[in-house]
>>> print(open('upload-v6.cif').read())   # mmCIF, C-alpha atoms and all ligand atoms
data_upload
loop_
_atom_site.label_atom_id
_atom_site.label_comp_id
_atom_site.auth_asym_id
_atom_site.auth_seq_id
_atom_site.Cartn_x
_atom_site.Cartn_y
_atom_site.Cartn_z
CA MET A 1 63.57 92.63 112.60
CA THR A 2 63.52 89.97 109.90
CA GLY A 3 65.80 86.98 110.05
CA LEU A 4 67.31 87.77 106.66
CA PRO A 5 70.99 88.66 106.66
CA PHE A 6 70.56 91.99 104.92
CA PRO A 7 73.65 93.67 103.49
CA THR A 8 75.70 96.43 104.98
CA VAL A 9 73.94 99.74 105.06
CA ARG A 10 76.21 102.48 103.82
CA GLY A 11 74.70 104.98 106.18
CA ALA A 12 74.37 108.64 105.44
CA THR A 13 77.08 109.05 102.82
CA PRO A 14 76.17 112.03 100.68
CA ALA A 15 77.19 112.54 97.06
CA PRO A 16 80.04 114.81 96.00
CA GLU A 17 79.00 118.47 95.74
CA GLY A 18 77.41 119.77 92.56
CA LEU A 19 75.98 116.59 91.04
CA VAL A 20 72.91 117.01 88.85
CA GLY A 21 70.53 114.07 88.43
CA LEU A 22 71.70 110.52 89.05
CA PRO A 23 75.06 110.02 87.33
CA ASP A 24 77.72 107.53 88.40
CA ARG A 25 81.49 107.65 88.03
CA TYR A 26 81.33 105.72 84.76
CA GLY A 27 79.07 108.10 82.84
CA ARG A 28 75.83 106.20 83.27
CA VAL A 29 72.72 108.09 84.37
CA ALA A 30 69.84 106.39 86.17
CA ARG A 31 66.41 107.02 84.65
CA ASP A 32 64.60 103.79 85.53
CA LEU A 33 63.53 103.13 89.14
CA ARG A 34 62.44 99.68 90.31
CA VAL A 35 60.31 99.94 93.44
CA SER A 36 59.66 96.87 95.54
CA VAL A 37 56.31 97.48 97.20
CA THR A 38 56.42 94.27 99.26
CA ASP A 39 58.82 91.37 99.80
CA ARG A 40 55.96 88.85 100.15
CA CYS A 41 55.03 86.47 97.39
CA ASN A 42 52.29 83.91 96.76
CA LEU A 43 54.49 81.66 94.59
CA ARG A 44 57.66 79.82 95.60
CA CYS A 45 59.63 79.71 92.35
CA ARG A 46 62.60 77.38 92.78
CA TYR A 47 65.11 79.89 91.36
CA CYS A 48 63.93 82.51 93.85
CA MET A 49 62.68 81.19 97.19
CA PRO A 50 62.66 78.12 99.40
CA ALA A 51 59.43 76.12 99.73
CA GLU A 52 58.73 77.49 103.19
CA GLY A 53 59.00 81.13 102.09
CA LEU A 54 61.11 83.72 103.90
CA PRO A 55 60.83 85.78 107.06
CA TRP A 56 58.82 88.68 105.64
CA LEU A 57 59.29 92.30 106.63
CA ALA A 58 57.05 93.44 109.47
CA LYS A 59 54.71 96.31 108.57
CA PRO A 60 56.59 98.98 110.59
CA GLU A 61 59.78 98.07 108.72
CA MET A 62 58.13 98.81 105.38
CA LEU A 63 57.70 102.24 103.90
CA SER A 64 54.17 103.54 104.34
CA ASP A 65 52.32 104.73 101.24
CA ASP A 66 53.13 108.34 102.11
CA GLU A 67 56.83 107.54 102.57
CA LEU A 68 56.97 105.48 99.39
CA VAL A 69 55.30 108.11 97.21
CA ARG A 70 57.44 110.83 98.74
CA VAL A 71 60.67 108.96 97.93
CA VAL A 72 59.50 108.18 94.38
CA GLY A 73 58.80 111.91 94.01
CA VAL A 74 62.38 112.69 95.05
CA PHE A 75 63.65 110.20 92.46
CA VAL A 76 61.45 111.80 89.79
CA GLY A 77 62.94 115.17 90.74
CA LEU A 78 66.34 113.60 90.10
CA GLY A 79 65.45 112.58 86.55
CA ILE A 80 63.73 109.21 86.89
CA ARG A 81 61.37 108.77 83.92
CA GLN A 82 60.14 105.22 84.39
CA VAL A 83 58.94 103.62 87.62
CA ARG A 84 58.50 99.85 87.67
CA LEU A 85 56.56 98.39 90.60
CA THR A 86 57.73 94.96 91.65
CA GLY A 87 58.37 92.80 94.69
CA GLY A 88 57.83 90.16 96.07
CA GLU A 89 54.47 90.13 94.38
CA PRO A 90 53.39 93.77 94.03
CA MET A 91 49.67 92.97 93.91
CA LEU A 92 49.91 91.67 97.49
CA ARG A 93 50.18 95.29 98.64
CA ARG A 94 46.57 96.18 99.34
CA SER A 95 47.02 99.87 98.57
CA LEU A 96 48.65 99.24 95.18
CA VAL A 97 45.97 100.94 93.06
CA ASP A 98 46.18 104.04 95.21
CA VAL A 99 49.98 104.02 95.11
CA VAL A 100 49.82 103.90 91.30
CA ARG A 101 47.33 106.78 91.24
CA ARG A 102 49.62 108.88 93.44
CA ILE A 103 52.75 108.12 91.40
CA ALA A 104 50.83 109.00 88.23
CA ALA A 105 50.09 112.41 89.76
CA LEU A 106 53.80 113.26 90.13
CA GLU A 107 55.30 115.96 87.89
CA PRO A 108 56.67 115.16 85.39
CA ARG A 109 54.53 112.04 85.30
CA PRO A 110 56.79 108.99 84.99
CA ARG A 111 55.80 106.02 82.85
CA ILE A 112 54.56 103.34 85.25
CA ALA A 113 55.12 99.64 84.68
CA MET A 114 54.71 96.58 86.88
CA THR A 115 56.39 93.19 87.03
CA THR A 116 53.97 90.62 88.42
CA ASN A 117 53.28 86.91 88.52
CA GLY A 118 49.78 87.70 87.24
CA ILE A 119 47.82 86.07 90.08
CA GLY A 120 44.92 88.44 90.78
CA LEU A 121 45.54 90.54 87.69
CA ASP A 122 42.19 89.40 86.30
CA ARG A 123 40.58 91.59 89.00
CA LEU A 124 43.18 94.35 89.21
CA ALA A 125 44.22 95.01 85.61
CA GLN A 126 41.42 97.48 84.88
CA PRO A 127 41.60 99.39 88.20
CA LEU A 128 45.39 99.61 87.83
CA ALA A 129 45.10 100.84 84.24
CA ASP A 130 42.49 103.39 85.32
CA ALA A 131 44.84 104.56 88.09
CA GLY A 132 47.65 105.18 85.59
CA LEU A 133 49.56 101.92 85.12
CA ASP A 134 50.93 101.90 81.57
CA ARG A 135 52.39 98.41 81.06
CA VAL A 136 52.91 95.02 82.67
CA ASN A 137 55.44 92.25 82.48
CA VAL A 138 53.92 88.98 83.62
CA SER A 139 56.29 86.26 84.74
CA LEU A 140 55.40 82.88 83.27
CA ASP A 141 58.03 80.19 82.79
CA THR A 142 55.98 77.40 81.24
CA ILE A 143 52.47 76.68 79.99
CA ASP A 144 52.64 73.03 81.02
CA PRO A 145 50.50 72.77 84.20
CA LYS A 146 52.74 70.10 85.75
CA GLU A 147 55.94 72.02 85.05
CA PHE A 148 54.32 75.20 86.37
CA ALA A 149 53.32 73.51 89.63
CA ASP A 150 56.77 71.95 89.96
CA LEU A 151 58.64 75.20 89.30
CA THR A 152 56.44 77.57 91.33
CA ARG A 153 55.31 74.97 93.90
CA ARG A 154 51.74 76.24 93.40
CA ASP A 155 48.94 75.13 91.06
CA ARG A 156 48.03 78.60 89.77
CA LEU A 157 48.63 78.48 86.01
CA HIS A 158 44.96 79.26 85.27
CA ASP A 159 45.14 82.42 87.38
CA VAL A 160 48.17 83.63 85.44
CA GLU A 161 46.46 82.96 82.10
CA ALA A 162 43.38 84.89 83.27
CA GLY A 163 45.61 87.73 84.45
CA LEU A 164 47.37 87.95 81.09
CA LYS A 165 44.05 88.11 79.24
CA ALA A 166 42.77 90.82 81.55
CA ALA A 167 45.96 92.86 81.06
CA ALA A 168 45.46 92.86 77.29
CA THR A 169 41.78 93.76 77.66
CA ALA A 170 42.67 96.64 79.98
CA GLY A 171 45.08 98.01 77.36
CA LEU A 172 48.28 97.34 79.32
CA VAL A 173 50.05 96.67 76.05
CA PRO A 174 52.32 95.40 74.74
CA VAL A 175 51.80 92.62 77.29
CA LYS A 176 55.23 91.19 77.97
CA VAL A 177 55.95 87.77 79.41
CA ASN A 178 59.18 87.12 81.36
CA ALA A 179 60.50 83.58 81.60
CA VAL A 180 63.40 81.84 83.31
CA ALA A 181 64.44 78.41 82.09
CA MET A 182 65.59 75.88 84.67
CA ARG A 183 67.53 72.79 83.77
CA GLY A 184 65.45 69.62 84.07
CA ILE A 185 62.18 71.49 84.75
CA ASN A 186 61.14 73.67 81.81
CA ASP A 187 64.21 73.84 79.55
CA ASP A 188 62.59 71.33 77.13
CA SER A 189 59.43 73.40 76.68
CA VAL A 190 60.78 76.87 75.86
CA ALA A 191 59.63 76.65 72.23
CA ASP A 192 56.10 75.68 73.38
CA LEU A 193 56.00 78.77 75.56
CA LEU A 194 57.10 80.94 72.64
CA GLN A 195 54.41 79.49 70.35
CA TRP A 196 51.78 80.05 73.06
CA CYS A 197 52.83 83.70 73.44
CA LEU A 198 52.94 84.26 69.68
CA ASP A 199 49.40 82.85 69.35
CA ARG A 200 48.13 85.36 71.91
CA GLY A 201 50.17 88.40 70.90
CA TYR A 202 52.30 88.47 74.07
CA GLU A 203 55.94 89.53 73.77
CA LEU A 204 58.15 86.87 75.37
CA ARG A 205 61.57 87.49 76.90
CA PHE A 206 63.76 84.85 78.48
CA ILE A 207 66.20 85.86 81.18
CA GLU A 208 69.17 83.81 82.33
CA GLN A 209 68.88 82.57 85.87
CA MET A 210 70.98 84.75 88.18
CA PRO A 211 72.61 84.01 91.55
CA LEU A 212 69.93 85.81 93.55
CA ASP A 213 68.02 82.95 95.13
CA ALA A 214 67.59 82.99 98.89
CA GLN A 215 68.88 79.42 99.13
CA HIS A 216 72.17 80.23 97.32
CA GLY A 217 71.62 77.20 95.09
CA TRP A 218 72.54 78.83 91.76
CA ASP A 219 75.09 76.89 89.75
CA ALA A 220 76.77 78.34 86.66
CA SER A 221 77.42 74.88 85.26
CA THR A 222 73.71 73.97 85.10
CA MET A 223 72.32 77.40 84.17
CA VAL A 224 70.46 77.48 80.85
CA SER A 225 72.49 80.04 78.90
CA SER A 226 71.22 82.50 76.32
CA GLN A 227 73.14 80.54 73.70
CA GLU A 228 71.34 77.34 74.63
CA LEU A 229 67.98 79.15 74.62
CA HIS A 230 68.77 80.48 71.19
CA GLU A 231 69.61 76.99 69.95
CA ARG A 232 66.50 75.40 71.43
CA LEU A 233 64.19 78.07 69.99
CA GLY A 234 66.07 77.83 66.70
CA GLU A 235 65.05 74.18 66.37
CA ARG A 236 61.46 75.33 65.76
CA PHE A 237 61.66 78.99 64.70
CA THR A 238 63.87 81.14 62.51
CA LEU A 239 65.30 83.90 64.70
CA THR A 240 66.67 87.03 63.02
CA PRO A 241 68.50 89.46 65.31
CA LEU A 242 67.15 92.99 65.37
CA PRO A 243 69.88 95.64 65.00
CA GLN A 244 71.72 96.31 68.27
CA VAL A 245 71.47 100.02 67.58
CA ASP A 246 67.79 99.85 68.60
CA ARG A 247 68.65 98.30 71.93
CA GLY A 248 69.68 101.34 73.99
CA SER A 249 69.67 100.47 77.69
CA ALA A 250 67.14 97.65 77.12
CA PRO A 251 68.70 94.43 78.35
CA ALA A 252 67.05 92.01 75.90
CA GLU A 253 68.61 91.05 72.62
CA ARG A 254 65.56 90.83 70.39
CA PHE A 255 64.90 88.58 67.44
CA LEU A 256 62.23 88.58 64.76
CA VAL A 257 60.46 85.23 64.87
CA ASP A 258 59.98 83.59 61.46
CA GLY A 259 60.51 86.92 59.71
CA GLY A 260 58.37 88.94 62.17
CA PRO A 261 56.62 91.11 63.00
CA GLN A 262 56.52 89.29 66.34
CA THR A 263 59.71 89.11 68.38
CA VAL A 264 61.33 87.20 71.21
CA GLY A 265 63.93 88.60 73.60
CA ILE A 266 66.79 86.86 75.34
CA ILE A 267 68.43 88.60 78.28
CA ALA A 268 71.94 87.29 78.84
CA SER A 269 72.30 88.89 82.24
CA VAL A 270 75.03 86.42 83.25
CA THR A 271 76.86 85.44 80.07
CA ASP A 272 76.74 88.83 78.31
CA PRO A 273 75.90 91.47 80.92
CA PHE A 274 74.63 94.87 79.87
CA CYS A 275 76.01 96.72 82.91
CA ALA A 276 77.77 99.36 80.77
CA ALA A 277 74.38 100.57 79.53
CA CYS A 278 72.48 100.09 82.81
CA ASP A 279 70.21 103.01 83.71
CA ARG A 280 68.52 101.43 86.73
CA THR A 281 68.26 102.10 90.39
CA ARG A 282 66.25 100.31 93.03
CA LEU A 283 64.21 101.08 96.13
CA THR A 284 63.41 98.20 98.48
CA ALA A 285 60.15 97.86 100.42
CA ASP A 286 62.02 98.84 103.61
CA GLY A 287 63.38 102.02 102.09
CA GLN A 288 66.91 101.14 101.00
CA VAL A 289 68.37 102.42 97.74
CA ARG A 290 70.47 99.92 95.79
CA ASN A 291 72.48 100.92 92.76
CA CYS A 292 72.63 97.33 91.44
CA LEU A 293 70.88 93.98 91.97
CA PHE A 294 74.26 92.64 93.06
CA SER A 295 75.33 95.42 95.44
CA GLN A 296 76.88 94.33 98.70
CA ALA A 297 75.74 97.54 100.38
CA GLU A 298 72.83 99.94 100.16
CA THR A 299 71.81 103.36 101.42
CA ASP A 300 69.08 103.73 104.00
CA LEU A 301 66.42 106.37 103.36
CA ARG A 302 63.84 105.13 105.85
CA GLY A 303 65.84 106.01 108.97
CA PRO A 304 66.79 109.54 107.84
CA MET A 305 63.23 110.13 106.59
CA ARG A 306 61.74 109.09 109.93
CA ASP A 307 64.31 111.31 111.66
CA GLY A 308 63.09 114.35 109.73
CA ALA A 309 65.34 114.48 106.63
CA SER A 310 64.26 116.99 103.98
CA ASP A 311 63.68 116.06 100.34
CA GLU A 312 67.07 117.68 99.55
CA ASP A 313 68.75 115.47 102.18
CA LEU A 314 67.12 112.37 100.64
CA ALA A 315 68.15 113.46 97.14
CA ARG A 316 71.78 113.79 98.25
CA LEU A 317 71.72 110.32 99.81
CA ILE A 318 70.26 108.82 96.62
CA GLN A 319 72.88 110.60 94.50
CA GLY A 320 75.60 109.26 96.80
CA GLU A 321 74.40 105.69 96.34
CA MET A 322 74.28 106.06 92.56
CA TRP A 323 77.69 107.73 92.39
CA ARG A 324 79.20 104.61 93.97
CA LYS A 325 77.73 102.19 91.41
CA ALA A 326 80.30 99.57 90.35
CA PRO A 327 81.15 99.21 86.65
CA GLY A 328 79.67 95.71 86.50
CA HIS A 329 78.00 93.00 88.57
CA GLY A 330 81.08 90.81 88.50
CA ILE A 331 79.32 87.43 88.24
CA GLY A 332 81.92 84.96 87.04
CA SER A 333 84.87 87.05 88.19
CA GLU A 334 87.11 85.89 90.98
CA GLY A 335 85.87 87.17 94.31
CA PHE A 336 82.23 87.50 93.24
CA VAL A 337 80.00 87.14 96.27
CA GLN A 338 76.25 86.69 95.90
CA PRO A 339 74.36 89.46 97.73
CA ASP A 340 72.68 88.39 100.96
CA ARG A 341 69.43 90.10 100.06
CA PRO A 342 67.57 87.77 97.66
CA MET A 343 65.77 88.90 94.50
CA SER A 344 62.37 88.81 96.21
CA ALA A 345 63.54 91.28 98.86
CA ILE A 346 65.32 93.56 96.38
CA GLY A 347 62.66 93.79 93.69
CA GLY A 348 63.34 92.06 90.41
N1 LIG B 1 56.42 88.53 91.74
C1 LIG B 1 56.69 89.31 90.56
C2 LIG B 1 56.93 88.42 89.38
O1 LIG B 1 56.83 87.20 89.51
O2 LIG B 1 57.18 88.94 88.31
C3 LIG B 1 57.79 90.33 90.71
C4 LIG B 1 59.02 89.95 91.45
S1 LIG B 1 59.99 88.68 90.71
C5 LIG B 1 61.36 88.62 91.81
C6 LIG B 1 60.59 89.54 89.28
C7 LIG B 1 61.23 88.70 88.23
O3 LIG B 1 62.42 88.18 88.74
C8 LIG B 1 60.41 87.52 87.75
O4 LIG B 1 60.29 87.59 86.35
C9 LIG B 1 61.24 86.33 88.14
O5 LIG B 1 61.14 85.29 87.22
C10 LIG B 1 62.62 86.92 88.16
N2 LIG B 1 63.58 86.18 88.99
C11 LIG B 1 63.47 85.82 90.28
N3 LIG B 1 64.58 85.18 90.68
C12 LIG B 1 65.41 85.14 89.61
C13 LIG B 1 66.71 84.62 89.38
N4 LIG B 1 67.37 83.98 90.33
N5 LIG B 1 67.25 84.79 88.17
C14 LIG B 1 66.58 85.43 87.19
N6 LIG B 1 65.35 85.94 87.34
C15 LIG B 1 64.77 85.79 88.53
#
>>> encode(input="upload-v6.cif", output="C-alpha cells")
Amino acid sequence: MTGLPFPTVRGATPAPEGLVGLPDRYGRVARDLRVSVTDRCNLRCRYCMPAEGLPWLAKPEMLSDDELVRVVGVFVGLGIRQVRLTGGEPMLRRSLVDVVRRIAALEPRPRIAMTTNGIGLDRLAQPLADAGLDRVNVSLDTIDPKEFADLTRRDRLHDVEAGLKAAATAGLVPVKVNAVAMRGINDDSVADLLQWCLDRGYELRFIEQMPLDAQHGWDASTMVSSQELHERLGERFTLTPLPQVDRGSAPAERFLVDGGPQTVGIIASVTDPFCAACDRTRLTADGQVRNCLFSQAETDLRGPMRDGASDEDLARLIQGEMWRKAPGHGIGSEGFVQPDRPMSAIGG
C-alpha cells in the first residue's frame, strides 16, 4: 500500500431505491466526470506537492485500462456527458491514447477533455486528437522561466510552450490555460501571463489556491484572492464581466479583456464557491468515487469490481456516493478539515 493517509472508504453503501442518473439530495445532477489516470507527476508545483514527490500508487492498486474504461462506461450510462482526464500528470499513463480511443467509443460518446501540465504534449497532441480527445486545459502559472522553475521545481517551461503550440495545431481548441497565483512567486506577473495568452489565442483562467496540497501548507491569509487577481489584471487591462446567466455550472467568472472578443476567467473556488451549481464527480486512479474534491470519505469500486460486481452493482454504488454529496466544501467554516488525499491523488 502507499504511505498516504487516504480517507475513510464508505464501503458498499448503495443509493436509495429508484434513483435515476446521478442526483444528490440538494437537486444537483452530476454530468461531468473527472478521471485521474495516474497519481504520478513530473512537476513538483509548490501548491500541490513536496519537493521529494509522494509515495505513488503501485500498479496493482491502480485500475487497469479495462477496469477504468468499464467504470467510465457505467458513469456514461448514468448520464455523464463530459469526461475529463487528469492526474497526477495524465500523459504519464503510457496507454493514454488507447484509453481515449476506448472512451470515445462509448455510447453515447462523451465529450473528452484533459487537464495536463503540457510536458510531452508536443508529441501526444495529434495522436490524442486522432483518438478522440476534444479539448485540453494546460496548466501554466507564469511565463517567466525563473518563476516557472521556482514554482514547479523543474526547468520545463519550453516543453509546456511546445505542448501548447502542438495542442492548437492539433485542433484541441479553444486551448485553455489554467493558472494558480502564489504570493511572492508569480503574483506580480499575472498580467504578463494574460498578455502572453492573448497574443497566442489561449483562453486563460486563474484559480484560487485551495487547501489540497500534500504538505498542508495552505494559508488563507496569504492566498491570492480572486479580488486581488481582478485588481492586478485591472491595472493593465479593462475587464468587463460577461453576464452570469451564461455561466451555468462553469466555475469561472469570465471577463471580456479590453472590450473583447478575448476573455479571461477567474475561479473563486475559495472566496466565492460555486458548489450550489456543481455537476462534477470524480474517479481516482485506484478506483474510488469522490463526490467532491473536499470529501472526507469516498466509495470504493475497485474492490467490488475485482470481487465480481455487476455493472448494476457499480452503478448503485456510484449513485450512493453522489446522493451523499454535501451542500458545499465548507472551506472557511468552523470545523473544516482538509482532506487527507491531496489534489494530485484525487485528480484536479
Ligand atoms: N498534472 C496536470 C496539470 O498540471 O494540469 C493535472 C493535474 S493538476 C492536480 C490539475 C490542476 O490542479 C492544475 O491546473 C493545478 O494547477 C491545479 N492545482 C493543484 N493543486 C492546487 C491547489 N492547491 N489549488 C488550486 N489548484 C491546484
>>> closest_residue(input="upload-v6.cif", among="A:Glu67, A:Glu321, A:Asp192, A:Asp219", to="ligand LIG 1 (chain B)", atoms="all atoms listed in the file")
A:Asp219
>>> closest_atom_pairs(input="upload-v6.cif", of="chain A", to="ligand LIG 1 (chain B)", cutoff="6 Å", atoms="only C-alpha atoms and all ligand atoms", output="JSON lines")
{"residue": "A:Tyr47", "atom": "CA", "partner": "B:LIG1", "partner_atom": "N4", "distance": 4.8}
{"residue": "A:Cys48", "atom": "CA", "partner": "B:LIG1", "partner_atom": "N3", "distance": 4.2}
{"residue": "A:Thr86", "atom": "CA", "partner": "B:LIG1", "partner_atom": "C3", "distance": 4.7}
{"residue": "A:Gly87", "atom": "CA", "partner": "B:LIG1", "partner_atom": "C4", "distance": 4.4}
{"residue": "A:Gly88", "atom": "CA", "partner": "B:LIG1", "partner_atom": "C4", "distance": 4.8}
{"residue": "A:Glu89", "atom": "CA", "partner": "B:LIG1", "partner_atom": "N1", "distance": 3.7}
{"residue": "A:Thr115", "atom": "CA", "partner": "B:LIG1", "partner_atom": "O2", "distance": 4.5}
{"residue": "A:Thr116", "atom": "CA", "partner": "B:LIG1", "partner_atom": "O2", "distance": 3.6}
{"residue": "A:Asn117", "atom": "CA", "partner": "B:LIG1", "partner_atom": "O1", "distance": 3.7}
{"residue": "A:Val138", "atom": "CA", "partner": "B:LIG1", "partner_atom": "O2", "distance": 5.7}
{"residue": "A:Ser139", "atom": "CA", "partner": "B:LIG1", "partner_atom": "O4", "distance": 4.5}
{"residue": "A:Asn178", "atom": "CA", "partner": "B:LIG1", "partner_atom": "O4", "distance": 5.1}
{"residue": "A:Ala179", "atom": "CA", "partner": "B:LIG1", "partner_atom": "O5", "distance": 5.9}
{"residue": "A:Val180", "atom": "CA", "partner": "B:LIG1", "partner_atom": "O5", "distance": 5.7}
{"residue": "A:Glu208", "atom": "CA", "partner": "B:LIG1", "partner_atom": "C14", "distance": 5.7}
{"residue": "A:Gln209", "atom": "CA", "partner": "B:LIG1", "partner_atom": "N5", "distance": 3.6}
{"residue": "A:Met210", "atom": "CA", "partner": "B:LIG1", "partner_atom": "N5", "distance": 3.7}
{"residue": "A:Pro211", "atom": "CA", "partner": "B:LIG1", "partner_atom": "N4", "distance": 5.4}
{"residue": "A:Leu212", "atom": "CA", "partner": "B:LIG1", "partner_atom": "N4", "distance": 4.5}
{"residue": "A:Asp213", "atom": "CA", "partner": "B:LIG1", "partner_atom": "N4", "distance": 5.0}
{"residue": "A:Met343", "atom": "CA", "partner": "B:LIG1", "partner_atom": "C5", "distance": 5.2}
{"residue": "A:Ser344", "atom": "CA", "partner": "B:LIG1", "partner_atom": "C5", "distance": 4.5}
{"residue": "A:Gly347", "atom": "CA", "partner": "B:LIG1", "partner_atom": "C5", "distance": 5.7}
{"residue": "A:Gly348", "atom": "CA", "partner": "B:LIG1", "partner_atom": "C6", "distance": 3.9}
>>> residues_around(input="upload-v6.cif", residues="Leu78 (chain A)", least_positions_apart="2", cutoff="10 Å", atoms="all atoms listed in the file", output="compact mmCIF listing (two decimals) with C-alpha atoms, keeping the file's coordinate frame")
# COMPACT_ATOMS: atom_id res chain seq x y z
CA VAL A 20 72.91 117.01 88.85
CA GLY A 21 70.53 114.07 88.43
CA LEU A 22 71.70 110.52 89.05
CA PRO A 23 75.06 110.02 87.33
CA ALA A 30 69.84 106.39 86.17
CA ARG A 31 66.41 107.02 84.65
CA VAL A 72 59.50 108.18 94.38
CA GLY A 73 58.80 111.91 94.01
CA VAL A 74 62.38 112.69 95.05
CA PHE A 75 63.65 110.20 92.46
CA VAL A 76 61.45 111.80 89.79
CA ILE A 80 63.73 109.21 86.89
CA ARG A 81 61.37 108.77 83.92
CA ALA A 315 68.15 113.46 97.14
CA ARG A 316 71.78 113.79 98.25
CA ILE A 318 70.26 108.82 96.62
CA GLN A 319 72.88 110.60 94.50
>>> atom_distance(input="upload-v6.cif", atom1="CA of Val337 (chain A)", atom2="CA of Ser225 (chain A)")
20.2 Å
>>> atom_distance(input="upload-v6.cif", atom1="CA of Val100 (chain A)", atom2="CA of Gly118 (chain A)")
16.7 Å
>>> residues_around(input="upload-v6.cif", residues="region 280-294 of chain A", least_positions_apart="5", cutoff="9 Å", atoms="all atoms listed in the file", output="PyMOL selection string")
chain A and resi 9+29-39+57+60-63+67-68+71-72+87+211-212+299-303+317-318+321-326+328-331+337-339+341+343+345-348
>>> closest_residue(input="upload-v6.cif", among="A:Gly163, A:Pro327, A:Gly53, A:Gly18", to="Cys41 (chain A)", atoms="only C-alpha atoms")
A:Gly53
>>> residues_around(input="upload-v6.cif", residues="Met49 (chain A)", least_positions_apart="5", cutoff="7 Å", atoms="all atoms listed in the file", output="ChimeraX atom specification")
/A:44,213-215
>>> atom_distance(input="upload-v6.cif", atom1="CA of Asp66 (chain A)", atom2="CA of Gln82 (chain A)")
19.3 Å
>>> axis_aligned_box(input="upload-v6.cif", around="region 45-48 of chain A", padding_each_side="5 Å", output="lines of an AutoDock Vina configuration file")
center_x = 62.4
center_y = 79.9
center_z = 92.6
size_x = 15.5
size_y = 15.1
size_z = 12.5
>>> closest_residue(input="upload-v6.cif", among="A:Glu334, A:Asp188, A:Glu228, A:Asp98", to="Asp130 (chain A)", atoms="only C-alpha atoms")
A:Asp98
>>> residues_around(input="upload-v6.cif", residues="Thr152 (chain A)", least_positions_apart="3", cutoff="12 Å", atoms="only C-alpha atoms", output="VMD selection string")
chain A and resid 41 to 51 53 117 139 to 142 144 to 149 155 to 157 160 180 182 185 to 186
>>> residues_near_point(input="upload-v6.cif", point="(64.9, 84.3, 65.3)", cutoff="10 Å", atoms="all atoms listed in the file", output="ChimeraX atom specification")
/A:230-231,233-234,236-242,254-260,262-265
>>> closest_residue(input="upload-v6.cif", among="A:Ala167, A:Leu85, A:Leu128, A:Leu96", to="Pro110 (chain A)", atoms="all atoms listed in the file")
A:Leu85
>>> closest_residue(input="upload-v6.cif", among="A:Val190, A:Arg135, A:Asp340, A:Leu314", to="His216 (chain A)", atoms="all atoms listed in the file")
A:Asp340
